[in-house]
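Asks: Got a structure for you, questions after.
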Amino acid sequence: MKDPRPVVRTLVEYGLLEYIPEIDRYQIHPLLSKAAQTLLEDSQTPTEIQYSDTEAAIKSYFLQEKHPLYEAKILFVGQGSVGKTSLVRRLTLNEFDLNETKTEGISIDHIQVSNQSEIENQQSKIRLNIWDFGGQEIMHATHQFFLTKRSLYLLVLDSRLTQEENRVEYWLKIIQSFGGESPVLIVGNKIDQHPLDIDRTGLQKKYPNIVGILETSAATGAGIEELKAAITEQVNSLPHVRDLLPETWFTVKTKLEELGKQSNFITHDKYLELCAENEVSDETSQRTLIGFLHDLGVVLHFQDDPRLEALGILNPQWVTNGVYKILNSHTLFQNKGVLTLAMLNTILNIDGYPRGKRLFIVDMMKKFELCYDIEPDKTFLVPDLLPKEEPTELKFNGIPAFEYAYPVLPSSVITRLIVRMNQHIDGDCVWRTGVVLIIGDNTALVKADIEDRKITIAIDGLEHTRRDALSAIRYQLDEIHGSIKGLNPEKRVPIPEAPNAEPVEYEYLLMLERAGDETCRVKDGNRLVTVNVRQVLSAIEHETERKERGMTNIHIGNITIGENAKVGDIILASEIQESVRKAESSNIPPELMETLKLLGEAVDIMNKVLPKEQAKETTEDFGKLVDEATKPTPNRKWYSVSVEGLIKAAENVEKVGVPVINLSRKVLSLLTGDAIK
Ligand SMILES: Nc1nc2c(ncn2[C@@H]2O[C@H](COP(=O)(O)OP(=O)(O)OP(=O)(O)O)[C@@H](O)[C@H]2O)c(=O)[nH]1
Ligand SMILES: [Mg+2]
């Protein structure tokens, strides 16, 4: 194990501790000596601490004895009955049960895997928390809350079924959305009955986070040793498993685990008290620690969401099982999702859920946007249990107004919208994937097509208030989208005069308007229909709002593109950030480094208005430019290509492109030594 103390010595030796309050994520490197920097980067320090800007956090972290974490979480996901629980049983007890019952909720287990690090103590073990999810459709509603980042995923398939029947791509996309960069092992189970037959190469190309594809039989034990080995290997390479954490953090963790057994939930204040009692007193450490514990599955705490954060700190199994008991209730299903207090008292009449705590579970479900009040504290509606069929008597004459197309559409998007807009529901016009809403003088029909991965909005009623009704719905949907990383649906506008044409991309219409194009044409069957760009856009968003958005300017260095933001406020997309860091840690002249940094920020801002494909290209161009510029002898041929690429992309967007052009030219002149063109 690496001794963390040299880091402290280095920081003290260089008199750096006193600088620390000023250090922020972009300035940390130039301020520290090369040596200290390397130590910081290599020292298994949690990223939150590395990027912390408070002296207390850094001091308290560096001045304490530390131990590696040696704990991780693995999540078993996949369709129902594929054998997730049977695999867990094989791995933990080496047993098999032909009559394994379906998992209602999450079952949590633990195993130990060996620590494979060569430098560290080979005897030590890594504790692995296993979360085995019930695969039934109804459980999908809560994925967003329980699929964590920094974890290992095991996607279990039934080898007797096809790739489509196993919904492999659906699961891989869901894991990408909620699990971030977490690695995935695909396991084809039940090979005693049929070999696994899926497109391995295609999947691995498309989803680079697949780290292995294995075949097992939980029934015969075939492939289990290989699976164990693969899990051990992956757990050993999880980025956080060796993070060094201060002794005091472990004390808090242990106490929290003990508390969780007795009380199932504690308030956030109680947690802070516990931290203070055990000398974890600065805010960064408190936040980092609870974030770790959440991702490890030790507790549930949703600190990125203020509403959920107010729930405090929860015992995961208690919460999930309570929620799933309700979601899986047959009576509730028969009652079309309408939950009464009497029903709740029957469903949760089990150990651990005394009368006084039952409404807490419902409150939590409200915060998870899984249900809403029909009558406060008495009757609730759980949209996930609404009937699937659209009401036959539904009469709606509105016109299509807006559409979202998703890479993957979790069913929770539409049910959460229903919960959020429940005050506007038109009587009984609500079903599992759609709803009719009354907003002012307008009626709106919002429908999700889960298979086609689309949500459509149609509006009826007074013409001049249609836009407001649409914008109220779009606002809620955008908020929901924002809470699911990487979802980024494409926005599309149906053209009323061209009912048979494909809806037009919203971003494209905005670009046409910015470029001064008044019309465009779309193919509607055999006809060409001319679209008035401004008119179509104005039905969605007021012209002045569009203009304001287009002109949101941001200051970068001395170049003005904005009002409020300043450098450092800007959060860079991770790939650009990576390149910026590379530039910062290189030996290039300060002016070039500074210009590259500013250029990175400018590209990041520009990317927000570029179509996805182009944004990807500019990110690559910037990356290649940094790669070349930081070489001992940069090759003009290569960096010129990247600079040209950036300038070309920037020329297509108005104001936000200007800094990219100017800064790219400056970088070019710094590299070539020629004057700026
Ligand atoms: N033949 C055979 N049967 C298996 C195998 N693994 C599991 N089964 C059987 O398949 C059924 C479902 O297994 P489970 O382990 O409960 O599946 P699950 O994925 O946990 O299901 P849910 O909890 O509903 O999501 C049980 O009857 C198991 O005995 C296997 O490798 N071969
Ligand atoms: Mg199961």
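For the structure tokens, the naming scheme is as follows: chains receive sequential letters (A, B, ...) according to their order of presentation, residues are indexed from 1 within each chain, and ligands are indexed from 1 in presentation order.
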At a cut-off of 7 Å and counting only C-alpha atoms and all ligand atoms, what residues surround ligand 2? Please answer as a VMD selection string.
Replies: chain A and resid 81 83 to 85 101 to 103 132 to 135
Asks: Would you mind exporting N, CA and C atoms of the selected residues as a tab-separated table (two decimals), in the first residue's frame?
Replies:
```
chain	number	residue	atom	x	y	z
A	81	SER	N	-36.98	-13.82	-14.69
A	81	SER	CA	-36.78	-15.28	-14.86
A	81	SER	C	-35.56	-15.70	-15.66
A	83	GLY	N	-32.60	-15.81	-14.49
A	83	GLY	CA	-31.71	-16.55	-13.57
A	83	GLY	C	-30.78	-15.67	-12.76
A	84	LYS	N	-31.15	-14.43	-12.51
A	84	LYS	CA	-30.28	-13.53	-11.73
A	84	LYS	C	-30.11	-14.05	-10.31
A	85	THR	N	-31.25	-14.34	-9.67
A	85	THR	CA	-31.18	-14.80	-8.28
A	85	THR	C	-30.48	-16.15	-8.20
A	101	THR	N	-38.14	-18.37	-6.53
A	101	THR	CA	-39.30	-17.49	-6.76
A	101	THR	C	-38.85	-16.14	-7.30
A	102	LYS	N	-39.78	-15.42	-7.94
A	102	LYS	CA	-39.41	-14.14	-8.53
A	102	LYS	C	-39.05	-13.15	-7.44
A	103	THR	N	-38.08	-12.31	-7.73
A	103	THR	CA	-37.61	-11.34	-6.75
A	103	THR	C	-38.54	-10.13	-6.77
A	132	ASP	N	-29.49	-7.62	-6.29
A	132	ASP	CA	-30.17	-8.47	-7.26
A	132	ASP	C	-31.58	-7.90	-7.49
A	133	PHE	N	-31.80	-7.38	-8.68
A	133	PHE	CA	-33.07	-6.70	-8.98
A	133	PHE	C	-34.10	-7.66	-9.53
A	134	GLY	N	-35.33	-7.47	-9.10
A	134	GLY	CA	-36.43	-8.19	-9.73
A	134	GLY	C	-36.56	-7.67	-11.16
A	135	GLY	N	-36.75	-8.58	-12.12
A	135	GLY	CA	-36.74	-8.16	-13.51
A	135	GLY	C	-38.10	-7.78	-14.06
```
Asks: Restrict the calculation to only C-alpha atoms and all ligand atoms, then for each residue of chain A with any atom at most 9 Å from an atom of ligand 1 give the closest atom pair and their distance in Å to one decimal, rows by chain and rising residue number, as a Markdown table.
Replies:
```
| residue | atom | partner | partner_atom_place_in_ligand_line | distance |
| --- | --- | --- | --- | --- |
| A:Phe76 | CA | ligand 1 | 19 (O) | 8.5 |
| A:Val77 | CA | ligand 1 | 19 (O) | 7.8 |
| A:Gly78 | CA | ligand 1 | 19 (O) | 6.7 |
| A:Gln79 | CA | ligand 1 | 25 (O) | 5.9 |
| A:Gly80 | CA | ligand 1 | 25 (O) | 3.5 |
| A:Ser81 | CA | ligand 1 | 21 (O) | 3.4 |
| A:Val82 | CA | ligand 1 | 19 (O) | 4.0 |
| A:Gly83 | CA | ligand 1 | 15 (O) | 3.3 |
| A:Lys84 | CA | ligand 1 | 19 (O) | 3.8 |
| A:Thr85 | CA | ligand 1 | 20 (O) | 3.7 |
| A:Ser86 | CA | ligand 1 | 15 (O) | 3.6 |
| A:Leu87 | CA | ligand 1 | 15 (O) | 6.5 |
| A:Val88 | CA | ligand 1 | 15 (O) | 8.0 |
| A:Arg89 | CA | ligand 1 | 15 (O) | 8.2 |
| A:Phe96 | CA | ligand 1 | 29 (O) | 7.0 |
| A:Asp97 | CA | ligand 1 | 29 (O) | 5.2 |
| A:Leu98 | CA | ligand 1 | 29 (O) | 3.4 |
| A:Asn99 | CA | ligand 1 | 27 (O) | 4.6 |
| A:Glu100 | CA | ligand 1 | 16 (O) | 4.5 |
| A:Thr101 | CA | ligand 1 | 16 (O) | 5.1 |
| A:Lys102 | CA | ligand 1 | 24 (O) | 3.6 |
| A:Thr103 | CA | ligand 1 | 23 (O) | 3.5 |
| A:Glu104 | CA | ligand 1 | 23 (O) | 6.7 |
| A:Gly105 | CA | ligand 1 | 23 (O) | 8.3 |
| A:Ile106 | CA | ligand 1 | 23 (O) | 8.7 |
| A:Asp132 | CA | ligand 1 | 20 (O) | 7.4 |
| A:Phe133 | CA | ligand 1 | 25 (O) | 6.4 |
| A:Gly134 | CA | ligand 1 | 25 (O) | 3.9 |
| A:Gly135 | CA | ligand 1 | 25 (O) | 3.4 |
| A:Gln136 | CA | ligand 1 | 25 (O) | 5.7 |
| A:Val156 | CA | ligand 1 | 19 (O) | 7.4 |
| A:Leu157 | CA | ligand 1 | 19 (O) | 8.4 |
| A:Asp158 | CA | ligand 1 | 6 (N) | 8.3 |
| A:Ser159 | CA | ligand 1 | 31 (O) | 9.0 |
| A:Gly188 | CA | ligand 1 | 31 (O) | 8.9 |
| A:Asn189 | CA | ligand 1 | 31 (O) | 5.1 |
| A:Lys190 | CA | ligand 1 | 31 (O) | 3.3 |
| A:Ile191 | CA | ligand 1 | 31 (O) | 6.2 |
| A:Asp192 | CA | ligand 1 | 32 (N) | 5.8 |
| A:Gln193 | CA | ligand 1 | 1 (N) | 5.9 |
| A:Thr216 | CA | ligand 1 | 31 (O) | 6.5 |
| A:Ser217 | CA | ligand 1 | 31 (O) | 3.4 |
| A:Ala218 | CA | ligand 1 | 31 (O) | 3.8 |
| A:Ala219 | CA | ligand 1 | 31 (O) | 4.3 |
| A:Thr220 | CA | ligand 1 | 31 (O) | 6.7 |
| A:Gly221 | CA | ligand 1 | 31 (O) | 7.7 |
| A:Ala222 | CA | ligand 1 | 31 (O) | 8.4 |
```
Asks: Could you check how far atom CA of Leu386 of chain A sits from atom CA of Gln334 of chain A, in Å to one decimal?
Replies: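 Distance between the two atoms: 9.3 Å.
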Asks: Using DSSP assignments from the backbone, pull out every residue in segment 482-648 of chain A that falls under alpha helix (DSSP H) and give it to me as a VMD selection string.
Replies: chain A and resid 482 506 to 514 533 to 538 543 to 550 574 to 584 590 to 607 612 to 629 636 to 648
Asks: To one decimal in Å, tell me the separation between atom CA of Tyr153 of chain A and atom CA of Val241 of chain A.
Replies: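 Atom-to-atom, atom CA of Tyr153 of chain A and atom CA of Val241 of chain A are spaced 14.8 Å apart.
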Asks: Using only C-alpha atoms, which of the listed residues (A:Thr340, A:Thr267, A:Gln317, A:Thr232) sits closest to Trp131 of chain A?
Replies: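 Checking each of A:Thr340, A:Thr267, A:Gln317, A:Thr232 against Trp131 of chain A, counting only C-alpha atoms, the winner is A:Gln317.
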Asks: Got a sec: who's within 9 Å of segment 433-445 of chain A, counting only C-alpha atoms, leaving out chain neighbours fewer than 2 positions off, as an MDAnalysis selection string?
Replies: chainID A and resid 383:384 386 388:390 396 398 400 411 414:415 418 421:431 447:450 456:463 465:466 468:470 472:473
Asks: Excluding same-chain residues fewer than 6 positions from Glu71 of chain A, what lies within 6 Å of it counting only C-alpha atoms, as a list in words?
Replies: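 Here the qualifying residues turn out to be Ile126, Arg127, Leu128 and Val241 of chain A.
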Asks: Tell me, as a list in words, which residues lie within 8 Å of segment 595-611 of chain A, counting only C-alpha atoms; anything in the same chain fewer than 5 positions away does not count.
Replies: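 Once the adjacent positions are removed, what remains is Glu507, Ile556, Gly557, Val567, Ile570, Leu572, Ala573, Ile576, Gln577, Ser579, Val580, Ala583, Glu584, Thr618, Thr619, Phe622, Val626, Ala650, Val653, Val656, Gly657, Pro659, Val660, Leu663, Ser664, Lys666 and Val667 of chain A.
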Asks: Find the spatial neighbours of Glu403 of chain A, counting only C-alpha atoms, within a cut-off of 10 Å - ignore same-chain residues fewer than 3 positions away - and output them as a list in words.
Replies: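 So, after excluding close chain neighbours, the residues are Pro400, Tyr406, Val446, Lys447, Ala448, Lys454, Ile455, Thr456, Ile457, Ala458, Arg474, Pro489, Glu490, Lys491, Arg492, Val493, Pro494, Pro503, Val504, Glu505 and Tyr506 of chain A.
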Asks: Could you give me, as a compact mmCIF listing (two decimals) with N, CA and C atoms, in the first residue's frame, the residues within 6 Å of segment 298-313 of chain A, counting only C-alpha atoms and dropping anything in the same chain fewer than 3 positions from it?
Replies:
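Dumped to out31.txt:
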```txt
# COMPACT_ATOMS: atom_id res chain seq x y z
N PHE A 265 -34.29 4.76 8.77
CA PHE A 265 -33.92 6.04 8.17
C PHE A 265 -33.52 7.05 9.23
N ILE A 266 -32.58 7.90 8.89
CA ILE A 266 -32.21 8.97 9.82
C ILE A 266 -32.21 10.30 9.05
N THR A 267 -32.38 11.38 9.76
CA THR A 267 -32.41 12.67 9.08
C THR A 267 -31.00 13.07 8.68
N HIS A 268 -30.95 14.02 7.76
CA HIS A 268 -29.66 14.51 7.31
C HIS A 268 -28.92 15.18 8.47
N LEU A 293 -21.08 6.20 0.10
CA LEU A 293 -21.91 5.20 0.75
C LEU A 293 -23.15 4.90 -0.08
N HIS A 294 -23.66 5.91 -0.77
CA HIS A 294 -24.80 5.70 -1.66
C HIS A 294 -24.41 4.80 -2.82
N PRO A 316 -31.39 0.95 2.43
CA PRO A 316 -31.83 0.65 1.07
C PRO A 316 -32.84 -0.47 0.97
```
Asks: Smallest atom-to-atom distance to Glu137 of chain A: which of A:Ala229, A:Leu385, A:Ile374, A:Val323, using only C-alpha atoms?
Replies: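 Distance minimum relative to Glu137 of chain A lands on A:Leu385.
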Asks: Provide the atom CA of Thr379 of chain A to atom CA of Val419 of chain A distance in Å, to one decimal place.
Replies: 13.9 Å
Asks: Please identify the strand (DSSP E) residues within segment 310-501 of chain A (assignment by DSSP from backbone atoms) and present them as a ChimeraX atom specification.
Replies: /A:313-314,338-340,372-375,379-381,399-405,425-431,434-439,442-449,454-461,490-493
Asks: Looking at A:Leu625, A:Ile186, A:Asn397, A:Asp452, which one is nearest to Ala230 of chain A, with distances taken over only C-alpha atoms?
Replies: A:Ile186
